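J.: Data file input_29.txt (compact mmCIF, C-alpha atoms) is appended below.
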```txt
# COMPACT_ATOMS: atom_id res chain seq x y z
CA MET A 1 -37.59 1.43 -125.59
CA ASN A 2 -36.14 0.51 -122.20
CA ILE A 3 -36.54 -3.13 -121.17
CA LYS A 4 -37.64 -3.53 -117.56
CA LYS A 5 -34.82 -5.14 -115.61
CA LYS A 6 -35.42 -8.31 -113.63
CA LYS A 7 -35.07 -7.69 -109.91
CA ILE A 8 -32.69 -10.21 -108.32
CA LEU A 9 -32.15 -10.71 -104.58
CA CYS A 10 -29.11 -12.78 -103.54
CA ILE A 11 -28.89 -14.04 -99.96
CA ASP A 12 -25.32 -14.70 -98.82
CA ILE A 13 -24.62 -16.33 -95.44
CA GLU A 14 -20.86 -15.65 -95.43
CA GLY A 15 -20.73 -11.99 -96.42
CA GLY A 16 -17.22 -12.09 -97.85
CA ASN A 17 -15.85 -14.34 -95.08
CA GLY A 18 -15.70 -17.54 -97.13
CA GLY A 19 -15.30 -19.08 -100.55
CA SER A 20 -18.98 -19.23 -101.45
CA SER A 21 -19.32 -15.49 -100.85
CA ARG A 22 -16.24 -14.63 -102.90
CA SER A 23 -17.53 -16.80 -105.75
CA LEU A 24 -20.91 -15.07 -105.72
CA PHE A 25 -19.23 -11.65 -105.79
CA TYR A 26 -17.08 -12.58 -108.80
CA LEU A 27 -20.15 -13.87 -110.66
CA ILE A 28 -22.15 -10.70 -109.96
CA SER A 29 -19.26 -8.31 -110.69
CA THR A 30 -18.65 -10.00 -114.05
CA ILE A 31 -22.36 -9.72 -114.90
CA VAL A 32 -22.33 -6.01 -113.97
CA GLU A 33 -19.33 -5.45 -116.24
CA LYS A 34 -21.50 -6.57 -119.16
CA LYS A 35 -23.21 -3.26 -119.88
CA ASN A 36 -26.17 -4.92 -121.60
CA HIS A 37 -27.21 -7.07 -118.64
CA GLN A 38 -30.91 -6.99 -117.78
CA PHE A 39 -30.82 -7.28 -113.99
CA ASP A 40 -31.29 -5.03 -110.96
CA ILE A 41 -29.27 -6.96 -108.36
CA SER A 42 -29.40 -6.63 -104.56
CA VAL A 43 -27.47 -8.67 -102.00
CA ILE A 44 -28.19 -9.31 -98.32
CA CYS A 45 -25.23 -10.70 -96.32
CA ARG A 46 -25.34 -12.41 -92.95
CA LYS A 47 -21.88 -11.07 -92.05
CA ASP A 48 -20.12 -7.76 -92.63
CA SER A 49 -16.78 -7.51 -94.44
CA TRP A 50 -14.89 -6.00 -97.37
CA VAL A 51 -17.52 -7.29 -99.78
CA LYS A 52 -20.10 -4.64 -98.82
CA ASN A 53 -17.90 -1.80 -100.13
CA LYS A 54 -16.92 -3.87 -103.17
CA TYR A 55 -20.58 -4.27 -104.10
CA LYS A 56 -21.14 -0.54 -103.57
CA LYS A 57 -18.30 0.28 -105.97
CA ILE A 58 -19.92 -1.74 -108.77
CA GLY A 59 -23.38 -0.28 -108.13
CA VAL A 60 -24.95 -3.30 -106.43
CA LYS A 61 -27.08 -2.64 -103.34
CA CYS A 62 -25.73 -4.63 -100.38
CA SER A 63 -27.05 -4.71 -96.82
CA ILE A 64 -26.10 -6.70 -93.72
CA ASP A 65 -28.54 -8.65 -91.56
CA LYS A 66 -27.02 -10.96 -88.95
CA SER A 67 -30.38 -12.60 -88.20
CA ILE A 68 -30.68 -14.46 -91.53
CA PRO A 69 -31.78 -17.97 -90.39
CA ARG A 70 -29.57 -20.86 -91.50
CA PHE A 71 -29.44 -24.55 -90.62
CA THR A 72 -26.34 -26.64 -91.41
CA PRO A 73 -26.64 -30.44 -90.95
CA LEU A 74 -23.83 -32.05 -88.95
CA ILE A 75 -22.49 -35.61 -88.87
CA ASN A 76 -23.22 -36.31 -85.21
CA PRO A 77 -26.95 -37.16 -84.66
CA SER A 78 -27.05 -35.73 -81.13
CA ARG A 79 -25.53 -32.46 -82.35
CA ASN A 80 -28.22 -32.25 -85.05
CA ILE A 81 -30.98 -32.73 -82.47
CA TYR A 82 -29.43 -30.04 -80.28
CA GLN A 83 -29.04 -27.73 -83.28
CA THR A 84 -32.67 -28.30 -84.31
CA ILE A 85 -33.89 -27.27 -80.84
CA ILE A 86 -31.70 -24.13 -80.95
CA PHE A 87 -32.99 -23.32 -84.44
CA ILE A 88 -36.65 -23.64 -83.37
CA LEU A 89 -36.34 -21.85 -80.04
CA LYS A 90 -33.77 -19.18 -80.84
CA ILE A 91 -32.54 -18.75 -84.43
CA TRP A 92 -35.92 -18.73 -86.19
CA PRO A 93 -37.66 -16.39 -83.69
CA GLN A 94 -34.67 -14.02 -83.81
CA SER A 95 -35.03 -13.82 -87.59
CA SER A 96 -38.52 -12.26 -87.37
CA HIS A 97 -37.23 -8.77 -88.23
CA PHE A 98 -35.40 -10.11 -91.29
CA ARG A 99 -38.47 -12.07 -92.41
CA ARG A 100 -40.74 -9.03 -92.03
CA LYS A 101 -38.27 -7.16 -94.22
CA MET A 102 -38.37 -10.01 -96.75
CA ILE A 103 -42.16 -9.73 -97.04
CA LYS A 104 -41.68 -6.16 -98.25
CA PHE A 105 -39.48 -7.54 -101.06
CA LYS A 106 -42.35 -9.13 -102.99
CA GLU A 107 -41.32 -7.20 -106.07
CA PHE A 108 -38.23 -9.42 -106.63
CA ASP A 109 -38.44 -11.70 -109.66
CA ILE A 110 -35.75 -14.10 -108.44
CA ILE A 111 -34.36 -14.96 -105.01
CA HIS A 112 -30.92 -16.59 -105.26
CA PHE A 113 -29.99 -18.62 -102.16
CA ASN A 114 -26.21 -18.92 -102.07
CA HIS A 115 -26.03 -21.96 -99.75
CA ILE A 116 -28.06 -25.09 -98.99
CA SER A 117 -28.21 -24.07 -95.31
CA LEU A 118 -30.86 -21.55 -96.45
CA GLY A 119 -33.24 -24.40 -97.45
CA ILE A 120 -35.71 -23.74 -94.61
CA LEU A 121 -35.78 -20.03 -95.43
CA ALA A 122 -36.43 -20.93 -99.08
CA LEU A 123 -39.44 -23.01 -98.06
CA TRP A 124 -40.79 -20.14 -95.95
CA CYS A 125 -40.38 -17.79 -98.95
CA LYS A 126 -42.43 -20.19 -101.06
CA PHE A 127 -45.27 -20.23 -98.51
CA LYS A 128 -45.20 -16.41 -98.41
CA ASN A 129 -45.14 -16.19 -102.25
CA LEU A 130 -41.87 -14.24 -102.23
CA GLY A 131 -40.00 -14.23 -105.51
CA ILE A 132 -41.53 -15.43 -108.77
CA ASN A 133 -38.66 -17.94 -109.05
CA LYS A 134 -36.06 -19.16 -106.61
CA VAL A 135 -32.57 -20.55 -107.27
CA MET A 136 -30.55 -22.74 -104.88
CA HIS A 137 -26.74 -22.74 -105.18
CA ILE A 138 -25.30 -26.04 -103.86
CA ARG A 139 -21.70 -25.62 -102.73
CA THR A 140 -21.18 -28.35 -100.13
CA LEU A 141 -21.65 -32.09 -99.51
CA PRO A 142 -24.00 -32.32 -96.50
CA PRO A 143 -23.61 -35.50 -94.39
CA LYS A 144 -25.86 -38.38 -95.41
CA ASN A 145 -28.59 -38.29 -92.75
CA ILE A 146 -32.26 -37.43 -92.35
CA PHE A 147 -31.48 -33.77 -91.54
CA SER A 148 -29.65 -33.28 -94.85
CA LYS A 149 -32.36 -35.12 -96.75
CA LEU A 150 -35.07 -32.90 -95.28
CA LEU A 151 -33.10 -29.72 -95.99
CA CYS A 152 -32.50 -30.74 -99.62
CA TYR A 153 -36.15 -31.78 -99.98
CA PHE A 154 -37.29 -28.37 -98.70
CA ALA A 155 -34.97 -26.69 -101.22
CA LYS A 156 -36.29 -28.85 -104.07
CA LYS A 157 -39.90 -28.03 -103.16
CA SER A 158 -39.09 -24.32 -103.01
CA CYS A 159 -36.65 -23.62 -105.85
CA SER A 160 -37.15 -23.81 -109.61
CA ASN A 161 -33.43 -24.17 -110.41
CA PHE A 162 -30.42 -25.78 -108.77
CA ILE A 163 -26.79 -24.77 -109.42
CA TYR A 164 -23.82 -26.95 -108.42
CA ILE A 165 -20.17 -25.89 -108.26
CA THR A 166 -18.98 -29.31 -109.56
CA GLU A 167 -20.42 -32.65 -110.62
CA ASN A 168 -19.70 -33.93 -107.09
CA GLU A 169 -22.35 -31.76 -105.42
CA LYS A 170 -24.91 -32.81 -108.02
CA ASN A 171 -24.20 -36.52 -107.57
CA HIS A 172 -24.22 -36.15 -103.80
CA LEU A 173 -27.61 -34.42 -103.76
CA HIS A 174 -29.00 -37.15 -106.03
CA SER A 175 -27.82 -39.71 -103.48
CA LEU A 176 -29.89 -37.93 -100.81
CA ILE A 177 -33.11 -37.16 -102.73
CA LYS A 178 -34.51 -37.49 -106.22
CA GLY A 179 -32.84 -34.73 -108.25
CA PRO A 180 -34.72 -31.59 -109.32
CA GLN A 181 -35.69 -31.03 -112.96
CA ASN A 182 -33.69 -27.87 -113.74
CA GLU A 183 -30.02 -28.24 -112.88
CA ALA A 184 -26.74 -26.68 -114.01
CA ILE A 185 -23.07 -26.99 -113.11
CA ILE A 186 -21.25 -23.66 -112.85
CA TYR A 187 -17.65 -23.98 -111.74
CA ASN A 188 -16.63 -21.25 -109.31
CA PRO A 189 -15.24 -18.25 -111.22
CA VAL A 190 -11.68 -17.19 -110.47
CA LYS A 191 -10.32 -13.72 -111.19
CA THR A 192 -6.62 -12.95 -110.97
CA THR A 193 -4.99 -9.57 -110.62
CA SER A 194 -1.45 -8.35 -111.21
CA LYS A 195 -1.64 -5.67 -108.49
CA LEU A 196 -0.39 -7.84 -105.65
CA LYS A 197 2.29 -7.58 -102.98
CA LYS A 198 4.33 -10.62 -102.00
CA ILE A 199 4.68 -11.47 -98.33
CA TYR A 200 8.43 -11.57 -97.70
CA ILE A 201 9.78 -13.61 -94.82
CA LYS A 202 13.17 -14.04 -93.13
CA ASN A 203 13.92 -17.45 -94.62
CA GLU A 204 12.85 -16.47 -98.13
CA LYS A 205 14.87 -19.27 -99.77
CA SER A 206 12.84 -21.97 -97.99
CA LEU A 207 10.13 -23.80 -99.91
CA LYS A 208 6.96 -22.08 -98.74
CA VAL A 209 4.09 -24.50 -98.09
CA GLY A 210 0.85 -22.55 -97.66
CA ILE A 211 -2.45 -23.33 -95.97
CA LEU A 212 -5.32 -20.89 -96.56
CA SER A 213 -8.16 -21.94 -94.29
CA ASN A 214 -9.65 -21.43 -90.85
CA PHE A 215 -8.82 -24.27 -88.47
CA SER A 216 -11.10 -27.25 -88.92
CA TYR A 217 -10.62 -30.93 -88.14
CA ASN A 218 -12.56 -31.85 -91.29
CA ARG A 219 -10.26 -29.63 -93.37
CA GLY A 220 -7.29 -31.47 -91.90
CA ILE A 221 -5.38 -28.39 -90.73
CA ASP A 222 -3.88 -30.37 -87.83
CA ARG A 223 -2.29 -32.72 -90.38
CA ALA A 224 0.21 -29.98 -91.31
CA LEU A 225 2.14 -30.82 -88.15
CA GLU A 226 2.20 -34.54 -88.95
CA ILE A 227 3.40 -33.84 -92.50
CA PHE A 228 6.17 -31.55 -91.26
CA GLU A 229 7.33 -34.17 -88.74
CA ALA A 230 7.46 -36.75 -91.57
CA ILE A 231 10.14 -34.65 -93.32
CA PRO A 232 13.64 -35.95 -92.46
CA LEU A 233 15.30 -33.96 -89.66
CA ASN A 234 18.21 -32.85 -91.83
CA LYS A 235 15.84 -31.35 -94.42
CA ARG A 236 13.25 -29.59 -92.27
CA ASN A 237 15.07 -26.26 -92.35
CA PHE A 238 14.48 -26.17 -96.14
CA PHE A 239 10.73 -25.65 -95.54
CA ILE A 240 8.43 -23.13 -93.91
CA PHE A 241 4.71 -23.76 -93.42
CA MET A 242 2.78 -20.49 -93.83
CA ILE A 243 -0.76 -20.72 -92.43
CA ALA A 244 -3.43 -18.04 -92.94
CA GLY A 245 -6.78 -18.21 -91.17
CA ASP A 246 -8.44 -18.30 -87.75
CA MET A 247 -6.65 -21.03 -85.78
CA THR A 248 -9.18 -21.32 -82.94
CA LEU A 249 -9.32 -25.00 -81.98
CA GLU A 250 -12.47 -27.07 -82.07
CA LYS A 251 -13.20 -29.36 -79.14
CA ASN A 252 -12.02 -32.98 -79.03
CA ILE A 253 -9.24 -32.82 -81.62
CA PRO A 254 -7.22 -36.08 -81.45
CA LEU A 255 -3.59 -35.66 -80.31
CA ILE A 256 -4.23 -32.10 -79.08
CA PRO A 257 -4.60 -31.95 -75.26
CA LYS A 258 -7.93 -30.72 -73.93
CA SER A 259 -6.05 -28.12 -71.90
CA PHE A 260 -5.57 -26.14 -75.11
CA THR A 261 -9.27 -26.00 -76.00
CA ASN A 262 -10.33 -25.52 -72.36
CA HIS A 263 -8.09 -22.45 -72.06
CA LYS A 264 -9.15 -21.09 -75.46
CA LYS A 265 -5.71 -21.52 -76.95
CA ASN A 266 -5.30 -22.09 -80.67
CA PHE A 267 -3.39 -24.33 -83.06
CA SER A 268 -0.41 -21.98 -83.19
CA ASP A 269 -0.08 -22.27 -79.39
CA PHE A 270 0.10 -26.04 -79.73
CA VAL A 271 2.71 -25.85 -82.49
CA LYS A 272 4.84 -23.58 -80.28
CA THR A 273 5.03 -26.33 -77.66
CA LYS A 274 6.76 -28.48 -80.30
CA LYS A 275 9.51 -25.84 -80.65
CA TYR A 276 8.96 -25.48 -84.41
CA LYS A 277 8.54 -21.70 -84.34
CA ASP A 278 11.13 -21.17 -87.10
CA SER A 279 9.30 -23.61 -89.40
CA PHE A 280 5.71 -22.36 -88.95
CA LEU A 281 4.41 -18.86 -89.64
CA PHE A 282 0.84 -18.05 -88.57
CA LEU A 283 -0.59 -14.97 -90.30
CA GLY A 284 -4.17 -14.95 -89.02
CA GLN A 285 -7.11 -13.96 -91.22
CA LEU A 286 -6.04 -11.87 -94.20
CA LYS A 287 -7.93 -9.09 -95.97
CA LYS A 288 -6.16 -9.93 -99.22
CA PRO A 289 -5.51 -13.70 -99.41
CA GLU A 290 -4.36 -13.16 -103.01
CA ASN A 291 -1.09 -11.69 -101.67
CA PHE A 292 -0.61 -14.86 -99.64
CA LEU A 293 -1.19 -17.12 -102.65
CA LYS A 294 1.27 -15.14 -104.72
CA SER A 295 3.90 -15.59 -101.98
CA ILE A 296 3.78 -19.36 -101.45
CA ASP A 297 5.32 -22.12 -103.58
CA VAL A 298 2.80 -24.91 -102.87
CA LEU A 299 -0.71 -24.99 -101.37
CA LEU A 300 -1.49 -27.76 -98.88
CA LYS A 301 -5.13 -28.85 -98.36
CA PRO A 302 -5.04 -32.21 -96.49
CA THR A 303 -8.83 -32.41 -96.16
CA ARG A 304 -10.58 -35.29 -94.40
CA LEU A 305 -13.67 -34.68 -96.55
CA ASN A 306 -11.99 -35.75 -99.83
CA ASN A 307 -13.15 -32.62 -101.67
CA PRO A 308 -10.13 -31.25 -103.61
CA TRP A 309 -11.94 -28.41 -105.39
CA GLY A 310 -12.42 -25.66 -102.79
CA ARG A 311 -12.03 -21.96 -103.45
CA ASP A 312 -8.53 -21.87 -101.92
CA ILE A 313 -7.44 -24.64 -104.32
CA LEU A 314 -8.88 -22.92 -107.39
CA GLU A 315 -7.29 -19.57 -106.53
CA ALA A 316 -3.92 -21.17 -105.81
CA LEU A 317 -4.00 -22.92 -109.19
CA SER A 318 -4.91 -19.64 -110.88
CA PHE A 319 -1.61 -18.25 -109.56
CA GLY A 320 0.18 -21.28 -110.97
CA LYS A 321 0.81 -22.84 -107.56
CA PRO A 322 0.74 -26.65 -107.37
CA VAL A 323 -1.67 -28.12 -104.82
CA ILE A 324 -1.46 -31.10 -102.47
CA SER A 325 -4.83 -32.55 -101.48
CA ILE A 326 -6.83 -35.70 -100.75
CA GLY A 327 -9.56 -37.28 -102.89
CA THR A 328 -10.32 -38.84 -106.26
CA TYR A 329 -11.67 -35.89 -108.30
CA LYS A 330 -8.93 -34.96 -110.79
CA LYS A 331 -10.43 -32.02 -112.66
CA PHE A 332 -8.33 -29.51 -110.74
CA VAL A 333 -5.71 -31.32 -108.64
CA GLU A 334 -3.95 -34.15 -110.48
CA THR A 335 -0.70 -35.91 -109.66
CA LYS A 336 2.20 -35.05 -111.98
CA LYS A 337 0.02 -32.42 -113.68
CA THR A 338 -1.06 -29.75 -111.19
CA GLY A 339 0.26 -31.11 -107.90
CA PHE A 340 -0.12 -34.22 -105.77
CA LEU A 341 -3.50 -35.91 -105.18
CA GLN A 342 -3.75 -38.81 -102.72
CA LYS A 343 -6.70 -41.20 -102.72
CA LYS A 344 -5.91 -41.97 -99.09
CA TYR A 345 -4.00 -39.63 -96.80
CA ASN A 346 -0.39 -40.58 -96.10
CA ALA A 347 1.80 -37.98 -94.35
CA LYS A 348 5.08 -39.73 -95.25
CA LYS A 349 4.31 -39.74 -98.99
CA ILE A 350 3.34 -36.06 -98.91
CA ALA A 351 6.60 -35.28 -97.10
CA ASP A 352 8.56 -37.26 -99.70
CA TRP A 353 6.82 -35.31 -102.50
CA LEU A 354 7.72 -32.01 -100.86
CA VAL A 355 11.34 -33.05 -100.39
CA ASN A 356 11.53 -34.01 -104.07
CA ILE A 357 9.98 -30.70 -105.20
CA GLU A 358 12.35 -28.72 -102.98
CA ALA A 359 15.33 -30.49 -104.55
CA ASN A 360 13.96 -30.11 -108.10
CA ARG A 361 12.28 -26.69 -108.15
CA HIS A 362 12.21 -26.58 -111.94
CA TYR A 363 9.16 -28.87 -111.69
CA LEU A 364 7.24 -25.91 -110.25
CA ASN A 365 7.23 -24.22 -113.67
CA THR A 366 5.71 -27.30 -115.33
CA TYR A 367 2.98 -27.51 -112.69
CA SER A 368 2.37 -23.77 -112.97
CA TYR A 369 1.59 -23.88 -116.69
CA GLU A 370 -0.93 -26.72 -116.37
CA ALA A 371 -2.55 -25.21 -113.26
CA LYS A 372 -3.25 -21.88 -114.96
CA LYS A 373 -4.49 -23.68 -118.07
CA ARG A 374 -7.11 -25.65 -116.13
CA ILE A 375 -8.46 -22.63 -114.29
CA LYS A 376 -8.74 -20.73 -117.57
CA GLU A 377 -10.63 -23.66 -119.11
CA PHE A 378 -13.12 -24.34 -116.31
CA CYS A 379 -13.28 -21.22 -114.10
CA ASP A 380 -13.33 -18.32 -116.55
CA PRO A 381 -15.61 -15.64 -114.98
CA ASN A 382 -17.18 -14.78 -118.35
CA LYS A 383 -18.20 -18.37 -119.05
CA SER A 384 -19.54 -18.84 -115.51
CA SER A 385 -21.49 -15.58 -115.52
CA GLU A 386 -23.05 -16.36 -118.91
CA LYS A 387 -24.40 -19.62 -117.47
CA LEU A 388 -25.88 -17.78 -114.50
CA ILE A 389 -27.41 -15.13 -116.79
CA LYS A 390 -29.07 -17.90 -118.78
CA ILE A 391 -30.63 -19.34 -115.61
CA TRP A 392 -31.81 -15.95 -114.34
CA LYS A 393 -33.36 -15.19 -117.74
CA GLN A 394 -35.37 -18.41 -117.90
```
Please re-express this file's structure in structure tokens.

T.:
Amino acid sequence: MNIKKKKILCIDIEGGNGGSSRSLFYLISTIVEKKNHQFDISVICRKDSWVKNKYKKIGVKCSIDKSIPRFTPLINPSRNIYQTIIFILKIWPQSSHFRRKMIKFKEFDIIHFNHISLGILALWCKFKNLGINKVMHIRTLPPKNIFSKLLCYFAKKSCSNFIYITENEKNHLHSLIKGPQNEAIIYNPVKTTSKLKKIYIKNEKSLKVGILSNFSYNRGIDRALEIFEAIPLNKRNFFIFMIAGDMTLEKNIPLIPKSFTNHKKNFSDFVKTKKYKDSFLFLGQLKKPENFLKSIDVLLKPTRLNNPWGRDILEALSFGKPVISIGTYKKFVETKKTGFLQKKYNAKKIADWLVNIEANRHYLNTYSYEAKKRIKEFCDPNKSSEKLIKIWKQ
């Protein structure tokens, strides 16, 4: 007797262009590998990328709809007001085709929202009786303001289950609103592969410090320059900073002249004015960031948000690469264990740590062992997918 499979619809705002999307794909692909799974899974992505073909290869239906409505709270109150007006007058009306399509999907048992920015859409789905149950995946720490509180409240009123990628997201949501009843922590799954190609560079003997992120002031990408300049002059040629991602500058970045943002120049253009071209290598956005992580010696994530547990950090650790980051959460990045974690950012101390590692490279092997061990313990795809299966089965 064949058991009727539960129909699952996952809504993904990044479509393979960010960590939350990659994490969702690894969860779903691991579930599909389990031949006895009881789900018929479909995915709708807001952006197009490699992930569409990857889903097709594993037999998961994946479509692209760029009109999926999302609302992401910002820190600046005036920007939130402006964004709210744009959402009401433009984004929501433009999503009418997508929402009409959603109404035809009444047969889905579960709708899985892969980001809190879909909270308003989740509330609309509740009013339209779409999906017997709804799941909200919390992957970020929205700023503490009324816009975030409302978005989280809408999600709580709409969704039967909440999933967090660490304890931090759970605690943060509880600081905004009263927590929902059904909650679970599922650390982002990390899969490694041996079929990778190293990126070889001219100065291969240099210690390769990697950054894997699009430019963002909050992510602290601009701090890479400050850290490099804190390295003593006679030692700078021992290092190369390899940066992968879109380096388009945001407006009003301190210490970067407005002429760069006004003329649509990027961070690499600014670095060139410093005459450090032999010490910085900008690779742009990569189709296979795994090759990049295999090639570097250390990952640098000098975030201003104090959140040292992003996808780039987890994947770097899975390759046995030590990580430098900022914050207090030690589950993944820990000083003298898996890298260097600062409670408060200090460029000089990071530079000193790098100089010490470069002079004592045997430490890299010690960090590598502990890094891989932690990812295996907390981010095993089988463990993570089993937790998600349990939630979907409830």

J.: Using all atoms listed in the file, which of the listed residues (A:Asn237, A:Asn188, A:Asn114, A:Ser63) sits closest to Glu14 of chain A?

T.: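 Of all the options, A:Asn114 lies closest to Glu14 of chain A.
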
J.: Which residue out of A:Asp312, A:Asp297, A:Asp352, A:Glu107 has the minimum interatomic distance to Asn365 of chain A when all atoms listed in the file are used?

T.: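 Between A:Asp312, A:Asp297, A:Asp352, A:Glu107, the residue approaching Asn365 of chain A most closely is A:Asp297.
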
J.: Do you know which residues lie at most 12 Å from (-33.0, -17.5, -118.2), with coordinates as in the file and all atoms listed in the file counted, and could you write them as a compact mmCIF listing (two decimals) with C-alpha atoms, in the coordinates of the input?

T.:
```
# COMPACT_ATOMS: atom_id res chain seq x y z
CA LYS A 6 -35.42 -8.31 -113.63
CA HIS A 37 -27.21 -7.07 -118.64
CA GLN A 38 -30.91 -6.99 -117.78
CA PHE A 39 -30.82 -7.28 -113.99
CA ASP A 109 -38.44 -11.70 -109.66
CA ILE A 110 -35.75 -14.10 -108.44
CA ASN A 133 -38.66 -17.94 -109.05
CA VAL A 135 -32.57 -20.55 -107.27
CA SER A 160 -37.15 -23.81 -109.61
CA ASN A 161 -33.43 -24.17 -110.41
CA ASN A 182 -33.69 -27.87 -113.74
CA ALA A 184 -26.74 -26.68 -114.01
CA SER A 385 -21.49 -15.58 -115.52
CA GLU A 386 -23.05 -16.36 -118.91
CA LYS A 387 -24.40 -19.62 -117.47
CA LEU A 388 -25.88 -17.78 -114.50
CA ILE A 389 -27.41 -15.13 -116.79
CA LYS A 390 -29.07 -17.90 -118.78
CA ILE A 391 -30.63 -19.34 -115.61
CA TRP A 392 -31.81 -15.95 -114.34
CA LYS A 393 -33.36 -15.19 -117.74
CA GLN A 394 -35.37 -18.41 -117.90
```

J.: Considering only C-alpha atoms, can you say which of A:Lys372, A:His172, A:Arg22, A:Lys274 comes closest to Glu226 of chain A?

T.: A:Lys274

J.: Taking all atoms listed in the file into account, which of A:Lys331, A:Lys275, A:Arg236, A:Lys4 comes nearest Lys373 of chain A?

T.: A:Lys331

J.: So, counting all atoms listed in the file, which residue among A:Asn382, A:Val333, A:Asn145, A:Asn129 is closest to Ile81 of chain A?

T.: A:Asn145
